4 protein chains.
Amino acid sequence: MSKGKVCLAYSGGLDTSVILAWLLEQGYEVVAFLANIGQEEDFEAAEKKALAIGATKFVCVDVRKEFVEDVCFPAIQANAVYENVYLLGTSLARPVIAQAQIKVAEEEGCFAVSHGCTGKGNDQVRFELSFYALKPDVKVIAPWRDPEFFNRFAGRKDLLEYAAEKNIEVTQTKAKPWSTDENLAHISFEAGILEDPDTTPPKDMWKLTVDPTDAPDKPEEFQVVFEKGLPTKLVLDGGKKTITDPVELFLEANALARRNGVGRIDIVENRFIGIKSRGCYETPGLTILRSTHIDIEGLTLDREVRALRDQFVTPSYSKILYNGMYFTPEGEYVRSMIEPSQKTVNGVVRASCYKGSLSILGRSSDTSKLYDATESSMDELTGFSPEDTTGFIAIQAIRIKKYGEAVRDEGKTLSL
Amino acid sequence: MSKGKVCLAYSGGLDTSVILAWLLEQGYEVVAFLANIGQEEDFEAAEKKALAIGATKFVCVDVRKEFVEDVCFPAIQANAVYENVYLLGTSLARPVIAQAQIKVAEEEGCFAVSHGCTGKGNDQVRFELSFYALKPDVKVIAPWRDPEFFNRFAGRKDLLEYAAEKNIEVTQTKAKPWSTDENLAHISFEAGILEDPDTTPPKDMWKLTVDPTDAPDKPEEFQVVFEKGLPTKLVLDGGKKTITDPVELFLEANALARRNGVGRIDIVENRFIGIKSRGCYETPGLTILRSTHIDIEGLTLDREVRALRDQFVTPSYSKILYNGMYFTPEGEYVRSMIEPSQKTVNGVVRASCYKGSLSILGRSSDTSKLYDATESSMDELTGFSPEDTTGFIAIQAIRIKKYGEAVRDEGKTLSL
Amino acid sequence: MSKGKVCLAYSGGLDTSVILAWLLEQGYEVVAFLANIGQEEDFEAAEKKALAIGATKFVCVDVRKEFVEDVCFPAIQANAVYENVYLLGTSLARPVIAQAQIKVAEEEGCFAVSHGCTGKGNDQVRFELSFYALKPDVKVIAPWRDPEFFNRFAGRKDLLEYAAEKNIEVTQTKAKPWSTDENLAHISFEAGILEDPDTTPPKDMWKLTVDPTDAPDKPEEFQVVFEKGLPTKLVLDGGKKTITDPVELFLEANALARRNGVGRIDIVENRFIGIKSRGCYETPGLTILRSTHIDIEGLTLDREVRALRDQFVTPSYSKILYNGMYFTPEGEYVRSMIEPSQKTVNGVVRASCYKGSLSILGRSSDTSKLYDATESSMDELTGFSPEDTTGFIAIQAIRIKKYGEAVRDEGKTLSL
Amino acid sequence: MSKGKVCLAYSGGLDTSVILAWLLEQGYEVVAFLANIGQEEDFEAAEKKALAIGATKFVCVDVRKEFVEDVCFPAIQANAVYENVYLLGTSLARPVIAQAQIKVAEEEGCFAVSHGCTGKGNDQVRFELSFYALKPDVKVIAPWRDPEFFNRFAGRKDLLEYAAEKNIEVTQTKAKPWSTDENLAHISFEAGILEDPDTTPPKDMWKLTVDPTDAPDKPEEFQVVFEKGLPTKLVLDGGKKTITDPVELFLEANALARRNGVGRIDIVENRFIGIKSRGCYETPGLTILRSTHIDIEGLTLDREVRALRDQFVTPSYSKILYNGMYFTPEGEYVRSMIEPSQKTVNGVVRASCYKGSLSILGRSSDTSKLYDATESSMDELTGFSPEDTTGFIAIQAIRIKKYGEAVRDEGKTLSL
């Protein structure tokens, strides 16, 4: 008799295939779940393989639209970034996949969900915290944290032997000396040879973006239109091509950045599990959309709203995303702070990509009058009394003169 | 009889020459002061001109060393940046110049200092707040905020006429349609045609950096060595060239970035005086040093120290610098938080510049053991019990399950 | 011919009576405006006096309801407090009064508004920034900053002489050696003998609250019910008295605190105009409502939401209120963060007042299940695996052991 | 043969006596460790009992001085407080005890340390994270998280039976229906009947402080002198009694507060282990010292330094303390921010205690000139130009008028 139904996040790869077989061996019935979140994948082959191994059912869910509209776009509005450089490509995908997996688990009557994440990474946390929020009574089976499993499969050899034993087909392509995770927004590379943080990734590791040295010899200009901080239009080819559908726009931004070598990063980051790890990432379209979004905020967002958002919302939300806390009270709370910051963020940014770099060329806004060329002008005094600044400085100086006097009174001298 | 001695920040240009003559006309004696902070300038011509107009004395002070060591380097340690992109090149220079000017004023027995800053900009605030802290009893003469002056000199034509009248030599080169301010760290461009934020700067405006499209066709590799967060070595030419002197290192970083087109930005920013303004900047060396510093922190800085520094110190210090609050209690206080964050930031970053972009190639540290390849490795379990993560997640989940349950109890469904 | 109509904030006191006469003398027509914001005041006498002096019209607006519901209640939800102790009683009133004054100004066709605030205080800023936001083209006449006025009326004697000359009736009661400002939420005392921060206020200065030594000898118990963070019910007299109307509830909380001597504070605070000043305040009801609100949050608010709100929203909003930035983009933005933090803040707090102190006696919530006595219990293990904590600690320890090792490697010893 | 030596934190109570016997039963040799941190305890009886049960050695370490000087005093300087009300009495003690225990463990050649903390509380985390930082290779034995132990001793009855079996003497006094933890700074009460957060603690639970209703009928005045933010003198009895030794001063502050019923709190707080729990605390002296410290900062601390410290340092350090992160990189980092904030915090605060409440009566400072009565005075214009404020407001209004105009342009009306 079955010990019950488990919904397994299945990729078609060696690890989750072995897990699938092992779960069956443990007496579970298994529903194989695969999310289409924009990764390059042979979904049909995965289905065939899952069923061949013994899954009761294979369910593939297309979550690309939710991923772009519900998660990536708000991240752009919030200028989300972790530790100054990482655009959170993997973190953004996790809650979307988890939500789809829990939905399948509930529809298929599964009491448990399972995944192939390792015990040292961030993704196990991101998935499981999402699972528990979405379905607090769900049971999670994490084989790579189960001694029975990880002691039995101590190395790749053990996995291969088990696969052979269970007639699991293994792709003959040689395993790459790193791991990847891909979605519509990015691809990550880690582990293997990258574990030495001083090893420069080989040129052929990078997958989504062309090497900057191989990119076109001419800057490619484009425009992004923002409404309330959301990218609503991408204009290419000197105005000949205009995209407005969110997913299409995101894909086109990807294509634009990819062909111009834009969006690569290489960092050592701090995992939620207190370990440092090295990651290389390609995040083409998101890089373009986030940078142009930051630019349009310069023109259209009030200084103090921006400062508050920058100091509170951006880092808080980025940490929440990174640590897998999307479906939490604080996740919900901080997300509620994004939209109210974006009311005035309307306008067009003109920019160009060229051999790995992104340049802003100009920006304009029909609705925002926060920027006022006359007022800003150094040559104009219309509507501005320079004497006001004298008062402004004098009031600021009250406190500062006291400071200078106190230093003098102590017989000291202020210096750089 | 003289109304007393004034120390005027004198550049040799039309504005400050007119101010010099005007101050004399008002009955002041004038000491012309000029700081050499690395700008491209004909210091001898300026001296000759100041004396010709009638300055009692001309004093030029070389502040390049203080600028690099006391101000730019701590800014690198703090990753200082204003509104996400501006590296504060002008802001960094102001306290250095102000300190030198006050020193000259005191040495020369001046009761007042004067400058040619306009009434709408940040620089008047930065200079004057520094003046008041360093010498609380100083008097500041700001002609561009004095109605008697600004009403008389309403346009360039008035200035030219007055110059002619006073026999002030005016360079025949046509005025550029923008203003610039230059120092060792950067050059700024603003005003004039740039006041339309949608006008792309003409290619020939950029001065310090080569246009990315004209930069060499091959990436140029280099290394930066950091000790306690300070750049202590720059290695070029495949190891053939090594620079350690701070000013030399900074200049060489400039040269490296300049020839590869690295360090341009174009933004609309929020001035302290609540006006938005458009600025274009070239900050070549600082861009390289700051980016490599951020990278080495990934390898060598504790996660929580970094998070605290990122959320509190970096934005606070950047705002302090931007608003001209260098010599203030809070400036001193926040500066005291920089060094303690950098104790472990030792290591080497390898990177390359190429046609406007900067890429990190790898990094290493002899002293920091925070990164541990074995521990980080996805293939190793040495010293790590995956079951611990189960407990870690379970404890995190207590609060989150309650959240999920509360949502369910209300008959709602959590979703993206 | 009139120079136009001015709407003057008129209190009936000597200062604003002189200002009223002086404005008339300057050729303005004056509409006298008085807000009833709960202060003890003879509104009829004020009206009579204003008209006698020569005001075209006297308009008194009752703003108590808006004050309590729109401003005080959200401040309770946000736990607003300035510099650890000041509950912002004056600051809260300013935007309410300003809004009413601008409304009257618009209805009466006034081109300008005027007030009697001094040039060193916070209130001038609070009023005027609100005026400019609500009616950007309004003109503000601030006599105490107009040299023509403040040079003429250099002391109280000058005001009295002018009053006599203009037949302005002056109350014969001797002026108190301090100034006060009162509204429904509080009274402030400052200036005069209080300007020595080491002078203990005389017992008879305090007006709203009984001296703690004279308060009843028995603690008085009461209950406050909160819904979404708002006080919705106040229960007194052992359940015999229940108040639900917001204004009534606020007044009853005042009465309760007043008779028990609760709500006095005495501080030196930092004004927006960079001057330190000493203030004594009585804020009876608000003290009770804020403290019980903080208590119910312990039971009903998620830890991380609370932490984010405490670190970002409370101090930001308090500073915004103090500095008179209610009607600003950031005021609107931060206010939008209050309600989403209060969704779960439902419950009852039982407390008591006694001779100046407030004690919490217990609290409960029908709806919140965040507190779970079984889970919390030290004697129960239901639903809790202590081994999980081992994992939790182990994961936290990864980073910390590294720190300990690094210190040892340097030959140092960690110590307190 | 012994499995090695364990250093057990031993209190003499039932739990740790059973643990001691059980550790011996498991084959360990046990060194019993007891810290004298100011709790009321029969240290000799504990020693006798430990040795009777079979401890190899009993070591009692007096850590009161370190506790006061190294931990409590900096917490006062930082105004540390958790979730608005909890003064962290228990948290402050943990690193002090842990450091002493590790020292004993090292001196006595123990490979492991053990404690009697439960698996749901904060203290296990605080102790163990400190252990791991101080001695990264230490082994921790936590019986209440070991299934072998906690399954065997499921209730108090099991403990008593085992005690009887092992001839462990058990005090005949009836166990109180709550748990306590005491040190020089405070006592905590939790668990038992307090687990219902709506149960008012019985009057006889409170131990350190007299019930406010039983406190003297006259306010007791006193003075606290601060130097660089540290309490250096406590003056009582109208100046007849002056204490300067830190420990003595702290004890005297305790006595003062205790006899006047000052320092009780009752809250529901959020544990680090994501559980809410109810705690009642008495923190007499610390309440007085922290409140007077906050007051003297009003007079002597720069506004912006205070604001930065309040927003960053106080909450960060409080959270670090609460979560047991004292010996961490971030603990060290944030601690380094305390002293630089206190340079100018010198002066005397006069205050009084009365039946549970604390009132500030006045304050003065010989050295700080930040407060300037003349400048602050509403009746004086010496050294102040009211027109400056006009300019100050005008500059602040630039941004705000734009906001008001934008709202009008949209056809909306700003309102409360």
# chains A, B, ... in the order shown; residues from 1 in each chain; ligands from 1
>>> select_by_dssp(residues="segment 262-377 of chain D", states="helix (DSSP H, G or I)", output="count of residues only")
51
>>> closest_atom_pairs(of="chain B", to="chain A", cutoff="6 Å", atoms="only C-alpha atoms", output="Markdown table")
| residue | atom | partner | partner_atom | distance |
| --- | --- | --- | --- | --- |
| B:Gly119 | CA | A:Pro386 | CA | 4.9 |
| B:Tyr132 | CA | A:Lys401 | CA | 5.5 |
| B:Ala133 | CA | A:Gly404 | CA | 4.4 |
| B:Leu134 | CA | A:Gly404 | CA | 5.9 |
| B:Pro136 | CA | A:Lys401 | CA | 4.9 |
| B:Arg145 | CA | A:Pro386 | CA | 4.8 |
| B:Glu195 | CA | A:Ala373 | CA | 5.7 |
| B:Pro197 | CA | A:Gly362 | CA | 5.8 |
| B:Asp198 | CA | A:Gly362 | CA | 4.0 |
| B:Thr199 | CA | A:Gly362 | CA | 5.8 |
| B:Thr200 | CA | A:Leu361 | CA | 5.0 |
| B:Val268 | CA | A:Gly298 | CA | 4.8 |
| B:Glu269 | CA | A:Gly298 | CA | 5.6 |
| B:Asn270 | CA | A:Arg303 | CA | 5.8 |
| B:Lys276 | CA | A:Tyr371 | CA | 5.4 |
| B:Ser277 | CA | A:Ser376 | CA | 5.6 |
| B:Gly298 | CA | A:Val268 | CA | 4.8 |
| B:Leu299 | CA | A:Val268 | CA | 5.6 |
| B:Arg303 | CA | A:Asn270 | CA | 5.8 |
| B:Thr328 | CA | A:Ile400 | CA | 5.9 |
| B:Ser357 | CA | A:Ser357 | CA | 5.1 |
| B:Leu361 | CA | A:Thr200 | CA | 5.0 |
| B:Gly362 | CA | A:Asp198 | CA | 4.0 |
| B:Arg363 | CA | A:Asp198 | CA | 4.6 |
| B:Ser364 | CA | A:Asp198 | CA | 5.7 |
| B:Tyr371 | CA | A:Lys276 | CA | 5.4 |
| B:Ala373 | CA | A:Glu195 | CA | 5.7 |
| B:Ser376 | CA | A:Ser277 | CA | 5.7 |
| B:Pro386 | CA | A:Arg145 | CA | 4.8 |
| B:Glu387 | CA | A:Arg145 | CA | 5.5 |
| B:Ile400 | CA | A:Ala133 | CA | 5.5 |
| B:Lys401 | CA | A:Pro136 | CA | 4.9 |
| B:Gly404 | CA | A:Ala133 | CA | 4.3 |
>>> atom_distance(atom1="atom CA of Thr171 of chain A", atom2="atom CA of Phe189 of chain A")
19.8 Å
>>> residues_around(residues="Ser17 of chain A", least_positions_apart="2", cutoff="12 Å", atoms="only C-alpha atoms", output="ChimeraX atom specification")
/A:8-15,19-24,30,32-33,46-55,115-116,159-160,162-164,166-171
